[in-house]
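S.K.: Below you'll find start_17.txt; it's compact mmCIF, C-alpha atoms.
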```txt
# COMPACT_ATOMS: atom_id res chain seq x y z
CA MET M 1 -4.61 -35.10 76.72
CA ASP M 2 -5.75 -32.75 73.95
CA ILE M 3 -9.27 -32.61 75.33
CA PHE M 4 -8.04 -30.89 78.50
CA LYS M 5 -6.39 -28.17 76.45
CA GLU M 6 -9.51 -27.65 74.29
CA LEU M 7 -11.90 -27.60 77.22
CA PHE M 8 -9.65 -25.26 79.19
CA GLU M 9 -9.69 -22.81 76.26
CA ASP M 10 -13.48 -22.58 76.68
CA LEU M 11 -13.01 -21.53 80.30
CA LYS M 12 -10.12 -19.06 80.01
CA GLY M 13 -12.45 -16.09 79.77
CA ASP M 14 -13.74 -16.77 83.26
CA VAL M 15 -11.53 -14.75 85.63
CA GLY M 16 -12.55 -16.88 88.61
CA VAL M 17 -11.57 -20.08 86.86
CA ARG M 18 -8.26 -18.59 85.69
CA SER M 19 -7.25 -17.46 89.17
CA ILE M 20 -8.22 -20.79 90.73
CA ALA M 21 -6.34 -22.74 88.08
CA GLU M 22 -3.10 -20.99 89.06
CA THR M 23 -3.18 -22.68 92.46
CA MET M 24 -4.51 -26.06 91.39
CA SER M 25 -2.48 -29.21 91.21
CA THR M 26 -2.37 -31.45 88.15
CA SER M 27 -4.60 -33.99 89.87
CA ASP M 28 -7.28 -31.33 90.34
CA LEU M 29 -7.31 -30.22 86.70
CA PRO M 30 -9.27 -33.10 85.15
CA ASN M 31 -12.10 -32.70 87.67
CA LEU M 32 -12.47 -29.01 86.84
CA LEU M 33 -12.26 -29.43 83.10
CA LEU M 34 -14.44 -32.48 82.62
CA GLY M 35 -16.91 -31.25 85.19
CA THR M 36 -17.54 -27.57 84.62
CA ALA M 37 -16.43 -27.54 80.99
CA LEU M 38 -18.45 -30.56 79.89
CA ASP M 39 -21.52 -29.03 81.51
CA ARG M 40 -20.94 -25.71 79.75
CA ALA M 41 -20.17 -27.44 76.48
CA LEU M 42 -23.42 -29.40 76.72
CA LEU M 43 -25.48 -26.25 77.21
CA LYS M 44 -23.62 -24.44 74.44
CA ALA M 45 -24.19 -27.28 71.97
CA TYR M 46 -27.84 -27.61 73.03
CA ARG M 47 -28.51 -23.92 72.52
CA GLU M 48 -26.80 -23.88 69.14
CA TYR M 49 -28.46 -27.02 67.78
CA PRO M 50 -31.30 -26.06 65.37
CA ALA M 51 -34.71 -25.96 67.02
CA ASP M 52 -36.93 -24.33 64.41
CA TYR M 53 -39.99 -26.17 65.78
CA GLU M 54 -40.08 -23.43 68.40
CA GLY M 55 -41.49 -21.23 65.62
CA TYR M 56 -44.83 -23.05 65.65
CA VAL M 57 -44.88 -24.36 69.22
CA TYR M 58 -45.91 -22.46 72.34
CA LEU M 59 -43.29 -22.83 75.10
CA ASP M 60 -44.53 -23.28 78.66
CA LYS M 61 -43.14 -24.19 82.10
CA VAL M 62 -44.49 -26.33 84.92
CA LYS M 63 -43.28 -26.44 88.53
CA ASP M 64 -43.30 -30.22 89.12
CA PHE M 65 -44.17 -33.62 87.65
CA ARG M 66 -47.86 -33.50 88.49
CA THR M 67 -50.45 -32.89 85.79
CA ALA M 68 -50.93 -29.14 85.43
CA ASP M 69 -54.19 -27.50 84.37
CA ARG M 70 -54.03 -24.61 81.96
CA ILE M 71 -57.16 -22.47 82.18
CA TYR M 72 -58.20 -20.34 79.23
CA GLU M 73 -61.13 -17.99 78.78
CA TYR M 74 -62.93 -16.70 75.74
CA GLY M 75 -65.74 -14.33 74.94
CA GLY M 76 -66.10 -10.59 75.30
CA ASP M 77 -63.87 -9.74 72.33
CA GLY M 78 -66.42 -10.10 69.55
CA ALA M 79 -67.89 -7.26 67.52
CA LEU M 80 -69.72 -4.79 69.75
CA ASN M 81 -73.52 -4.55 69.79
CA GLU M 82 -75.25 -1.36 68.79
CA VAL M 83 -76.65 0.54 71.77
CA LYS M 84 -79.66 2.67 70.90
CA GLU M 85 -80.50 5.90 72.66
CA LEU M 86 -81.47 5.39 76.32
CA GLU M 87 -81.26 1.60 75.99
CA PRO M 88 -79.08 -0.40 78.41
CA TYR M 89 -75.80 -1.96 77.34
CA GLN M 90 -75.96 -5.72 76.82
CA TYR M 91 -73.81 -8.12 78.80
CA SER M 92 -71.35 -10.36 76.99
CA ALA M 93 -71.02 -13.94 78.10
CA LEU M 94 -67.61 -15.12 79.23
CA ALA M 95 -66.64 -18.78 79.27
CA ASP M 96 -63.58 -20.78 80.15
CA GLY M 97 -62.04 -24.16 79.56
CA LYS M 98 -58.89 -26.05 80.34
CA TYR M 99 -56.32 -28.43 78.96
CA GLU M 100 -53.77 -30.52 80.82
CA ILE M 101 -50.03 -30.81 80.44
CA LYS M 102 -47.46 -32.97 82.18
CA VAL M 103 -43.71 -33.34 81.87
CA ALA M 104 -41.68 -36.54 81.98
CA LYS M 105 -38.04 -37.37 82.55
CA PHE M 106 -35.86 -38.51 79.66
CA GLY M 107 -32.23 -39.54 79.83
CA ARG M 108 -29.34 -41.74 78.84
CA LYS M 109 -26.04 -42.99 80.22
CA ILE M 110 -22.74 -43.14 78.36
CA GLY M 111 -19.83 -45.12 79.76
CA PHE M 112 -16.29 -45.90 78.73
CA SER M 113 -13.33 -47.72 80.17
CA TRP M 114 -10.44 -46.23 82.10
CA GLU M 115 -8.18 -47.40 79.28
CA ALA M 116 -10.26 -45.51 76.71
CA TYR M 117 -10.07 -42.40 78.89
CA LEU M 118 -6.27 -42.58 78.95
CA ASN M 119 -6.10 -43.22 75.19
CA ASP M 120 -8.48 -40.42 74.21
CA ASP M 121 -6.33 -38.69 71.60
CA LEU M 122 -9.29 -38.37 69.19
CA GLY M 123 -11.40 -36.15 71.45
CA ALA M 124 -14.12 -38.73 72.11
CA LEU M 125 -14.91 -37.18 75.48
CA ARG M 126 -15.47 -33.78 73.89
CA ARG M 127 -17.99 -35.30 71.48
CA ILE M 128 -20.03 -36.68 74.36
CA THR M 129 -21.54 -33.25 74.98
CA GLU M 130 -22.41 -32.85 71.30
CA LYS M 131 -24.09 -36.24 71.22
CA LEU M 132 -26.10 -35.60 74.37
CA ALA M 133 -27.14 -32.11 73.24
CA ARG M 134 -28.31 -33.52 69.91
CA ALA M 135 -30.22 -36.25 71.75
CA ALA M 136 -32.02 -33.67 73.90
CA ARG M 137 -33.09 -31.60 70.89
CA ARG M 138 -34.23 -34.71 69.03
CA THR M 139 -36.26 -35.74 72.06
CA GLU M 140 -38.08 -32.41 71.96
CA LEU M 141 -38.67 -32.57 68.20
CA ARG M 142 -39.96 -36.15 68.34
CA LEU M 143 -42.28 -35.25 71.23
CA VAL M 144 -43.63 -32.21 69.37
CA THR M 145 -44.15 -34.25 66.20
CA SER M 146 -46.03 -36.97 68.10
CA LEU M 147 -48.61 -34.33 69.07
CA PHE M 148 -49.78 -33.95 65.46
CA GLU M 149 -48.56 -37.08 63.62
CA THR M 150 -49.26 -40.70 64.52
CA PRO M 151 -48.46 -44.07 62.89
CA SER M 152 -51.93 -43.96 61.30
CA GLY M 153 -51.66 -40.39 60.00
CA PRO M 154 -52.44 -36.86 61.24
CA SER M 155 -53.68 -36.88 64.83
CA SER M 156 -57.47 -36.97 65.12
CA THR M 157 -57.23 -34.72 68.18
CA LEU M 158 -56.26 -31.86 65.89
CA PHE M 159 -57.46 -32.91 62.45
CA ASP M 160 -60.92 -34.22 61.57
CA ASN M 161 -62.69 -33.32 58.35
CA SER M 162 -66.14 -34.24 59.63
CA THR M 163 -66.15 -31.93 62.66
CA LYS M 164 -63.25 -29.53 62.12
CA SER M 165 -63.01 -29.35 58.30
CA ASN M 166 -59.21 -29.24 58.45
CA LEU M 167 -58.05 -32.56 57.02
CA GLY M 168 -57.46 -33.25 53.33
CA THR M 169 -55.72 -35.65 50.98
CA ALA M 170 -54.35 -33.29 48.32
CA LYS M 171 -50.67 -33.35 47.42
CA LEU M 172 -48.66 -30.28 48.36
CA SER M 173 -49.05 -27.61 45.67
CA ILE M 174 -49.88 -23.95 45.29
CA THR M 175 -53.49 -24.95 44.69
CA SER M 176 -53.77 -27.20 47.75
CA LEU M 177 -52.14 -24.55 49.92
CA GLY M 178 -54.75 -22.08 48.74
CA ALA M 179 -57.51 -24.54 49.61
CA ALA M 180 -55.97 -25.05 53.05
CA LEU M 181 -55.91 -21.31 53.69
CA GLU M 182 -59.54 -21.13 52.65
CA ALA M 183 -60.43 -23.92 55.08
CA ILE M 184 -58.55 -22.20 57.91
CA GLY M 185 -60.33 -18.95 57.08
CA ALA M 186 -63.65 -20.67 57.72
CA HIS M 187 -62.69 -21.54 61.31
CA THR M 188 -64.29 -19.52 64.09
CA THR M 189 -63.65 -19.01 67.78
CA PRO M 190 -65.75 -20.96 70.33
CA ASP M 191 -68.21 -18.05 70.45
CA GLY M 192 -68.51 -17.81 66.66
CA GLU M 193 -66.10 -14.99 65.86
CA PRO M 194 -63.75 -15.30 62.85
CA ILE M 195 -60.11 -16.08 63.53
CA TYR M 196 -57.08 -14.63 61.83
CA THR M 197 -53.41 -15.39 62.05
CA GLU M 198 -50.97 -13.16 60.25
CA ARG M 199 -48.33 -15.87 59.87
CA LEU M 200 -48.70 -19.59 59.18
CA HIS M 201 -46.09 -22.32 59.49
CA LEU M 202 -45.84 -25.03 56.85
CA VAL M 203 -44.34 -28.23 58.31
CA VAL M 204 -43.24 -30.90 55.85
CA PRO M 205 -41.17 -34.11 55.86
CA VAL M 206 -37.75 -34.15 54.22
CA SER M 207 -39.25 -35.68 51.07
CA LEU M 208 -41.37 -32.55 50.46
CA GLU M 209 -38.71 -29.92 51.18
CA ILE M 210 -37.89 -29.26 47.53
CA THR M 211 -41.55 -29.00 46.56
CA ALA M 212 -42.26 -26.64 49.45
CA ARG M 213 -39.27 -24.41 48.72
CA ASN M 214 -40.14 -24.24 45.02
CA ILE M 215 -43.63 -23.08 45.94
CA LEU M 216 -42.63 -20.51 48.54
CA ASN M 217 -39.57 -19.15 46.72
CA ALA M 218 -41.21 -18.75 43.32
CA ILE M 219 -41.22 -15.18 42.07
CA GLU M 220 -44.77 -15.43 40.77
CA VAL M 221 -47.63 -17.91 40.83
CA GLN M 222 -50.05 -18.83 38.07
CA TYR M 223 -53.66 -19.86 38.40
CA THR M 224 -56.65 -20.37 36.12
CA GLU M 225 -60.06 -18.77 36.57
CA GLY M 226 -62.52 -19.92 33.95
CA ASP M 227 -60.76 -19.59 30.59
CA THR M 228 -58.33 -16.96 31.88
CA ILE M 229 -54.81 -17.66 33.13
CA TRP M 230 -53.68 -15.18 35.76
CA LYS M 231 -50.20 -14.46 37.08
CA THR M 232 -49.42 -12.68 40.31
CA ALA M 233 -46.50 -12.05 42.66
CA ASN M 234 -45.93 -14.93 45.07
CA TRP M 235 -47.50 -13.49 48.20
CA MET M 236 -47.25 -16.82 50.04
CA LYS M 237 -43.54 -16.37 50.68
CA THR M 238 -44.32 -13.52 53.08
CA ARG M 239 -47.24 -15.27 54.76
CA ILE M 240 -45.94 -18.82 55.22
CA VAL M 241 -42.77 -19.98 57.02
CA LEU M 242 -41.30 -23.36 56.06
CA HIS M 243 -40.16 -25.99 58.59
CA VAL M 244 -38.67 -29.35 57.60
CA ASN M 245 -39.40 -32.06 60.17
CA PRO M 246 -37.68 -35.44 59.64
CA TYR M 247 -39.73 -37.16 62.35
CA ILE M 248 -42.98 -36.95 60.36
CA SER M 249 -41.94 -39.86 58.16
CA VAL M 250 -40.38 -41.67 61.13
CA LEU M 251 -43.60 -41.64 63.15
CA ASP M 252 -45.81 -42.39 60.14
CA PRO M 253 -44.05 -44.87 57.85
CA THR M 254 -47.16 -45.20 55.65
CA ASN M 255 -48.04 -41.63 54.63
CA GLY M 256 -45.36 -39.67 56.43
CA ASN M 257 -43.46 -38.91 53.21
CA THR M 258 -46.48 -37.18 51.64
CA SER M 259 -48.19 -35.54 54.64
CA TRP M 260 -47.94 -31.80 55.21
CA PHE M 261 -49.27 -29.46 57.90
CA LEU M 262 -50.14 -25.82 58.46
CA PHE M 263 -50.03 -24.32 61.96
CA PRO M 264 -50.85 -20.79 63.15
CA ASP M 265 -48.23 -18.66 64.79
CA PRO M 266 -48.26 -19.46 68.55
CA ALA M 267 -48.45 -15.74 69.28
CA ASP M 268 -51.93 -15.80 67.70
CA ILE M 269 -53.25 -19.29 68.53
CA GLU M 270 -51.66 -21.83 70.86
CA THR M 271 -52.00 -25.17 69.07
CA LEU M 272 -48.98 -27.23 70.16
CA VAL M 273 -47.49 -26.73 73.63
CA LEU M 274 -44.04 -27.84 74.79
CA ALA M 275 -43.43 -27.59 78.53
CA LYS M 276 -40.19 -27.59 80.52
CA LEU M 277 -39.67 -28.10 84.24
CA THR M 278 -38.95 -24.83 86.01
CA GLY M 279 -35.32 -24.70 87.06
CA HIS M 280 -34.46 -27.57 84.72
CA GLU M 281 -35.32 -26.09 81.34
CA GLU M 282 -32.16 -27.36 79.68
CA PRO M 283 -30.52 -30.80 79.72
CA GLU M 284 -28.23 -31.56 82.66
CA ILE M 285 -25.14 -33.76 82.62
CA PHE M 286 -23.90 -35.83 85.55
CA MET M 287 -20.84 -37.93 86.25
CA LYS M 288 -20.90 -41.03 88.45
CA ASN M 289 -18.69 -40.68 91.51
CA PRO M 290 -15.84 -43.22 91.54
CA ASN M 291 -16.36 -45.86 94.22
CA ALA M 292 -12.69 -46.82 94.53
CA MET M 293 -10.01 -45.19 96.70
CA ARG M 294 -6.28 -45.79 96.48
CA ILE M 295 -4.72 -47.26 99.62
CA GLY M 296 -1.93 -44.73 99.37
CA GLY M 297 -4.48 -41.90 99.53
CA GLY M 298 -5.42 -39.16 97.11
CA GLU M 299 -8.63 -38.85 95.15
CA ASP M 300 -8.82 -39.72 91.47
CA PRO M 301 -12.11 -38.43 89.98
CA PHE M 302 -11.48 -40.56 86.89
CA GLY M 303 -10.40 -43.70 88.67
CA GLY M 304 -13.65 -45.33 87.66
CA ASP M 305 -15.72 -48.15 89.11
CA PHE M 306 -14.09 -50.43 91.70
CA ASP M 307 -14.91 -53.64 89.83
CA THR M 308 -14.48 -52.61 86.17
CA ASP M 309 -12.67 -49.21 86.12
CA SER M 310 -15.56 -47.89 84.00
CA ILE M 311 -16.38 -44.16 83.89
CA GLU M 312 -20.00 -43.10 83.38
CA TYR M 313 -21.90 -39.97 82.38
CA LYS M 314 -25.63 -39.38 82.48
CA VAL M 315 -27.85 -36.78 80.82
CA ARG M 316 -31.27 -35.80 82.16
CA HIS M 317 -33.88 -33.77 80.31
CA VAL M 318 -37.43 -33.02 81.46
CA VAL M 319 -40.08 -32.07 78.88
CA GLY M 320 -43.75 -32.60 78.12
CA GLY M 321 -46.24 -31.75 75.41
CA ALA M 322 -49.93 -31.02 74.94
CA VAL M 323 -52.44 -30.04 72.27
CA PHE M 324 -54.54 -26.95 72.93
CA ASP M 325 -56.59 -25.36 70.12
CA TRP M 326 -57.14 -26.99 66.71
CA ARG M 327 -58.45 -23.78 65.13
CA GLY M 328 -56.12 -22.26 62.59
CA CYS M 329 -54.37 -25.50 61.60
CA TYR M 330 -54.74 -27.85 58.63
CA ALA M 331 -53.27 -31.19 57.54
CA SER M 332 -53.21 -33.26 54.39
CA THR M 333 -52.09 -36.85 53.96
CA GLY M 334 -51.01 -36.04 50.39
CA THR M 335 -52.39 -39.38 49.20
CA ALA M 336 -54.73 -38.10 46.47
CA SER M 337 -53.85 -39.30 43.00
```
Kindly return the structure encoded in the file as structure tokens.
M.R.:
Amino acid sequence: MDIFKELFEDLKGDVGVRSIAETMSTSDLPNLLLGTALDRALLKAYREYPADYEGYVYLDKVKDFRTADRIYEYGGDGALNEVKELEPYQYSALADGKYEIKVAKFGRKIGFSWEAYLNDDLGALRRITEKLARAARRTELRLVTSLFETPSGPSSTLFDNSTKSNLGTAKLSITSLGAALEAIGAHTTPDGEPIYTERLHLVVPVSLEITARNILNAIEVQYTEGDTIWKTANWMKTRIVLHVNPYISVLDPTNGNTSWFLFPDPADIETLVLAKLTGHEEPEIFMKNPNAMRIGGGEDPFGGDFDTDSIEYKVRHVVGGAVFDWRGCYASTGTAS
């Protein structure tokens, strides 16, 4: 089968595999190739599949499936107090808080018949790894998106104009982006200090990609102040990074096509957190052991199920998400007329 040749090419650089293959029988070859190679192909496809959400998401790890507490502290980094001659230094109050994060198991099985396995001249088995890798990445993206977008609009955990002053209705434009930056600039730390993030991430649905790119890639921007029209170099292109997220409109079928979001760089402020299980950070692929044995002896790893001759694969991926700090982010439903 052509898939054996293609998968074996991926393994030829491994000296150990090459030397073992010289002593293997033909019956051993499929087990090696569709075991080791499919696993490697899955990881390769997973790592290569675009995951630009990692630009605005803080990546974490947990050791098991129990809810994990993440403790954070603040205070002590504000502007220093003046100390007059012979007066004592003043103490600074330190405080802490916590948020919780928990991972869950996601997965899927793919099965096919023994006949389909023998007739696989179109490389269907090779595409299994691509499909499963894509499914794992989409699981992560959907999970991340669900942290800030809901069927009723931007998540109230992060966005609330009455208490956080970070939720608007303006359509995406150079003017509304400026207003969003102004709103973010008014945010302060829990102890009242101003916040600053050098880089912001603009997250939009597919329907707003052209608008966002036109704004950020413009050579210059124009604005009006009183009766005067000003032009300036487009400084936003160096301050804001664009991310197109197709799940925004999927999770919010009402306003998802017009909503847009700004998030701080996770190196400055941890807003969205994506956690993986330690030791299982990437998706894992499994094959169901055949439960049939030929009377004449000899193992056939692709003999399939005793009753139906079916062959099954399973993918397992463990991830979880949490919301940490709302400061430094902004959302708009884009519904204003």
S.K.: Any idea what's packed within 12 Å of range 215-219 of chain M, counting all atoms listed in the file, ignoring anything in its chain fewer than 2 positions away? Could you give it as a PyMOL selection string?
M.R.: chain M and resi 172-178+201-202+208-213+221-222+231-243
S.K.: So that I can see what lies close to Ser165 in chain M, please list as a PyMOL selection string the residues with an atom at most 12 Å from it, counting all atoms listed in the file and leaving out residues fewer than 2 positions away in the same chain.
M.R.: chain M and resi 156+158-163+167-168+179-188+326-332
S.K.: Separation of CA of Val315 in chain M and CA of Val203 in chain M, in Å?
M.R.: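 Interatomic distance, CA of Val315 in chain M to CA of Val203 in chain M: 29.2 Å.
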S.K.: Please compute the CA of Pro283 in chain M-CA of His317 in chain M distance, one decimal, in Å.
M.R.: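 Going from CA of Pro283 in chain M over to CA of His317 in chain M covers 4.5 Å.
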S.K.: With a distance cut-off of 8 Å and all atoms listed in the file, select the neighbouring residues of Thr258 in chain M, excluding the residue or stretch itself and same-chain residues fewer than 3 positions from it, and output the selection as a PyMOL selection string.
M.R.: chain M and resi 171-172+205+207-208+255+333-335
S.K.: So how many Å separate CA of Glu54 in chain M and CA of Leu274 in chain M, to one decimal?
M.R.: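 It comes out at 8.7 Å.
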S.K.: Please determine, counting only C-alpha atoms, which residue among M:Leu277, M:Ile269, M:Leu132, M:Ile311 has the shortest atom-to-atom distance to Phe112 in chain M.
M.R.: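 Smallest distance to Phe112 in chain M is found for M:Ile311.
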S.K.: Residues at most 10 Å from Gly279 in chain M, counting only C-alpha atoms, excluding those fewer than 6 positions away in the same chain, as a ChimeraX atom specification?
M.R.: /M:61-64
S.K.: Could you list, as number ranges by chain, every residue within 10 Å of range 137-152 of chain M, counting all atoms listed in the file and ignoring same-chain residues fewer than 3 positions away?
M.R.: M: 45-47, 49-54, 56-57, 106-107, 132-134, 155-159, 203, 245-256, 259-261, 271-275, 282-283, 317-323, 331
S.K.: Hey, can you spit out that residue selection with C-alpha atoms as a PDB file, keeping the file's coordinate frame?
M.R.:
```
ATOM      1  CA  ALA M  45     -24.190 -27.280  71.970  1.00  0.00           C
ATOM      2  CA  TYR M  46     -27.840 -27.610  73.030  1.00  0.00           C
ATOM      3  CA  ARG M  47     -28.510 -23.920  72.520  1.00  0.00           C
ATOM      4  CA  TYR M  49     -28.460 -27.020  67.780  1.00  0.00           C
ATOM      5  CA  PRO M  50     -31.300 -26.060  65.370  1.00  0.00           C
ATOM      6  CA  ALA M  51     -34.710 -25.960  67.020  1.00  0.00           C
ATOM      7  CA  ASP M  52     -36.930 -24.330  64.410  1.00  0.00           C
ATOM      8  CA  TYR M  53     -39.990 -26.170  65.780  1.00  0.00           C
ATOM      9  CA  GLU M  54     -40.080 -23.430  68.400  1.00  0.00           C
ATOM     10  CA  TYR M  56     -44.830 -23.050  65.650  1.00  0.00           C
ATOM     11  CA  VAL M  57     -44.880 -24.360  69.220  1.00  0.00           C
ATOM     12  CA  PHE M 106     -35.860 -38.510  79.660  1.00  0.00           C
ATOM     13  CA  GLY M 107     -32.230 -39.540  79.830  1.00  0.00           C
ATOM     14  CA  LEU M 132     -26.100 -35.600  74.370  1.00  0.00           C
ATOM     15  CA  ALA M 133     -27.140 -32.110  73.240  1.00  0.00           C
ATOM     16  CA  ARG M 134     -28.310 -33.520  69.910  1.00  0.00           C
ATOM     17  CA  SER M 155     -53.680 -36.880  64.830  1.00  0.00           C
ATOM     18  CA  SER M 156     -57.470 -36.970  65.120  1.00  0.00           C
ATOM     19  CA  THR M 157     -57.230 -34.720  68.180  1.00  0.00           C
ATOM     20  CA  LEU M 158     -56.260 -31.860  65.890  1.00  0.00           C
ATOM     21  CA  PHE M 159     -57.460 -32.910  62.450  1.00  0.00           C
ATOM     22  CA  VAL M 203     -44.340 -28.230  58.310  1.00  0.00           C
ATOM     23  CA  ASN M 245     -39.400 -32.060  60.170  1.00  0.00           C
ATOM     24  CA  PRO M 246     -37.680 -35.440  59.640  1.00  0.00           C
ATOM     25  CA  TYR M 247     -39.730 -37.160  62.350  1.00  0.00           C
ATOM     26  CA  ILE M 248     -42.980 -36.950  60.360  1.00  0.00           C
ATOM     27  CA  SER M 249     -41.940 -39.860  58.160  1.00  0.00           C
ATOM     28  CA  VAL M 250     -40.380 -41.670  61.130  1.00  0.00           C
ATOM     29  CA  LEU M 251     -43.600 -41.640  63.150  1.00  0.00           C
ATOM     30  CA  ASP M 252     -45.810 -42.390  60.140  1.00  0.00           C
ATOM     31  CA  PRO M 253     -44.050 -44.870  57.850  1.00  0.00           C
ATOM     32  CA  THR M 254     -47.160 -45.200  55.650  1.00  0.00           C
ATOM     33  CA  ASN M 255     -48.040 -41.630  54.630  1.00  0.00           C
ATOM     34  CA  GLY M 256     -45.360 -39.670  56.430  1.00  0.00           C
ATOM     35  CA  SER M 259     -48.190 -35.540  54.640  1.00  0.00           C
ATOM     36  CA  TRP M 260     -47.940 -31.800  55.210  1.00  0.00           C
ATOM     37  CA  PHE M 261     -49.270 -29.460  57.900  1.00  0.00           C
ATOM     38  CA  THR M 271     -52.000 -25.170  69.070  1.00  0.00           C
ATOM     39  CA  LEU M 272     -48.980 -27.230  70.160  1.00  0.00           C
ATOM     40  CA  VAL M 273     -47.490 -26.730  73.630  1.00  0.00           C
ATOM     41  CA  LEU M 274     -44.040 -27.840  74.790  1.00  0.00           C
ATOM     42  CA  ALA M 275     -43.430 -27.590  78.530  1.00  0.00           C
ATOM     43  CA  GLU M 282     -32.160 -27.360  79.680  1.00  0.00           C
ATOM     44  CA  PRO M 283     -30.520 -30.800  79.720  1.00  0.00           C
ATOM     45  CA  HIS M 317     -33.880 -33.770  80.310  1.00  0.00           C
ATOM     46  CA  VAL M 318     -37.430 -33.020  81.460  1.00  0.00           C
ATOM     47  CA  VAL M 319     -40.080 -32.070  78.880  1.00  0.00           C
ATOM     48  CA  GLY M 320     -43.750 -32.600  78.120  1.00  0.00           C
ATOM     49  CA  GLY M 321     -46.240 -31.750  75.410  1.00  0.00           C
ATOM     50  CA  ALA M 322     -49.930 -31.020  74.940  1.00  0.00           C
ATOM     51  CA  VAL M 323     -52.440 -30.040  72.270  1.00  0.00           C
ATOM     52  CA  ALA M 331     -53.270 -31.190  57.540  1.00  0.00           C
TER      53      ALA M 331
END
```
S.K.: Considering all atoms listed in the file, give me a table of residues in range 39-94 of chain M that are at most 9 Å from range 127-130 of chain M, with the closest atom pair and distance in Å for each, as JSON lines.
M.R.:
```
{"residue": "M:Asp39", "atom": "CA", "partner": "M:Thr129", "partner_atom": "CA", "distance": 7.8}
{"residue": "M:Arg40", "atom": "CA", "partner": "M:Thr129", "partner_atom": "CA", "distance": 8.9}
{"residue": "M:Ala41", "atom": "CA", "partner": "M:Thr129", "partner_atom": "CA", "distance": 6.2}
{"residue": "M:Leu42", "atom": "CA", "partner": "M:Thr129", "partner_atom": "CA", "distance": 4.6}
{"residue": "M:Leu43", "atom": "CA", "partner": "M:Thr129", "partner_atom": "CA", "distance": 8.3}
{"residue": "M:Ala45", "atom": "CA", "partner": "M:Glu130", "partner_atom": "CA", "distance": 5.9}
{"residue": "M:Tyr46", "atom": "CA", "partner": "M:Glu130", "partner_atom": "CA", "distance": 7.7}
```
S.K.: Can you sort out range 85-98 of chain M so it carries N, CA and C atoms, written as a compact mmCIF listing (two decimals), in the coordinates of the input?
M.R.:
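Writing the result to result-v4.txt gives the following:
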```txt
# COMPACT_ATOMS: atom_id res chain seq x y z
N GLU M 85 -80.33 4.82 71.70
CA GLU M 85 -80.50 5.90 72.66
C GLU M 85 -81.35 5.45 73.85
N LEU M 86 -80.83 5.67 75.05
CA LEU M 86 -81.47 5.39 76.32
C LEU M 86 -81.69 3.90 76.59
N GLU M 87 -81.15 3.04 75.73
CA GLU M 87 -81.26 1.60 75.99
C GLU M 87 -80.05 1.12 76.79
N PRO M 88 -80.21 0.09 77.60
CA PRO M 88 -79.08 -0.40 78.41
C PRO M 88 -78.07 -1.16 77.55
N TYR M 89 -76.84 -1.15 77.99
CA TYR M 89 -75.80 -1.96 77.34
C TYR M 89 -76.07 -3.44 77.63
N GLN M 90 -75.76 -4.29 76.66
CA GLN M 90 -75.96 -5.72 76.82
C GLN M 90 -74.70 -6.38 77.40
N TYR M 91 -74.92 -7.36 78.25
CA TYR M 91 -73.81 -8.12 78.80
C TYR M 91 -73.26 -9.10 77.75
N SER M 92 -71.97 -9.35 77.85
CA SER M 92 -71.35 -10.36 76.99
C SER M 92 -70.99 -11.56 77.85
N ALA M 93 -71.30 -12.73 77.34
CA ALA M 93 -71.02 -13.94 78.10
C ALA M 93 -69.53 -14.27 78.03
N LEU M 94 -68.98 -14.66 79.16
CA LEU M 94 -67.61 -15.12 79.23
C LEU M 94 -67.62 -16.60 79.59
N ALA M 95 -66.72 -17.34 79.00
CA ALA M 95 -66.64 -18.78 79.27
C ALA M 95 -65.18 -19.16 79.43
N ASP M 96 -64.96 -20.32 80.01
CA ASP M 96 -63.58 -20.78 80.15
C ASP M 96 -63.49 -22.27 79.89
N GLY M 97 -62.30 -22.75 79.78
CA GLY M 97 -62.04 -24.16 79.56
C GLY M 97 -60.65 -24.48 80.08
N LYS M 98 -60.22 -25.70 79.88
CA LYS M 98 -58.89 -26.05 80.34
C LYS M 98 -58.33 -27.19 79.51
```
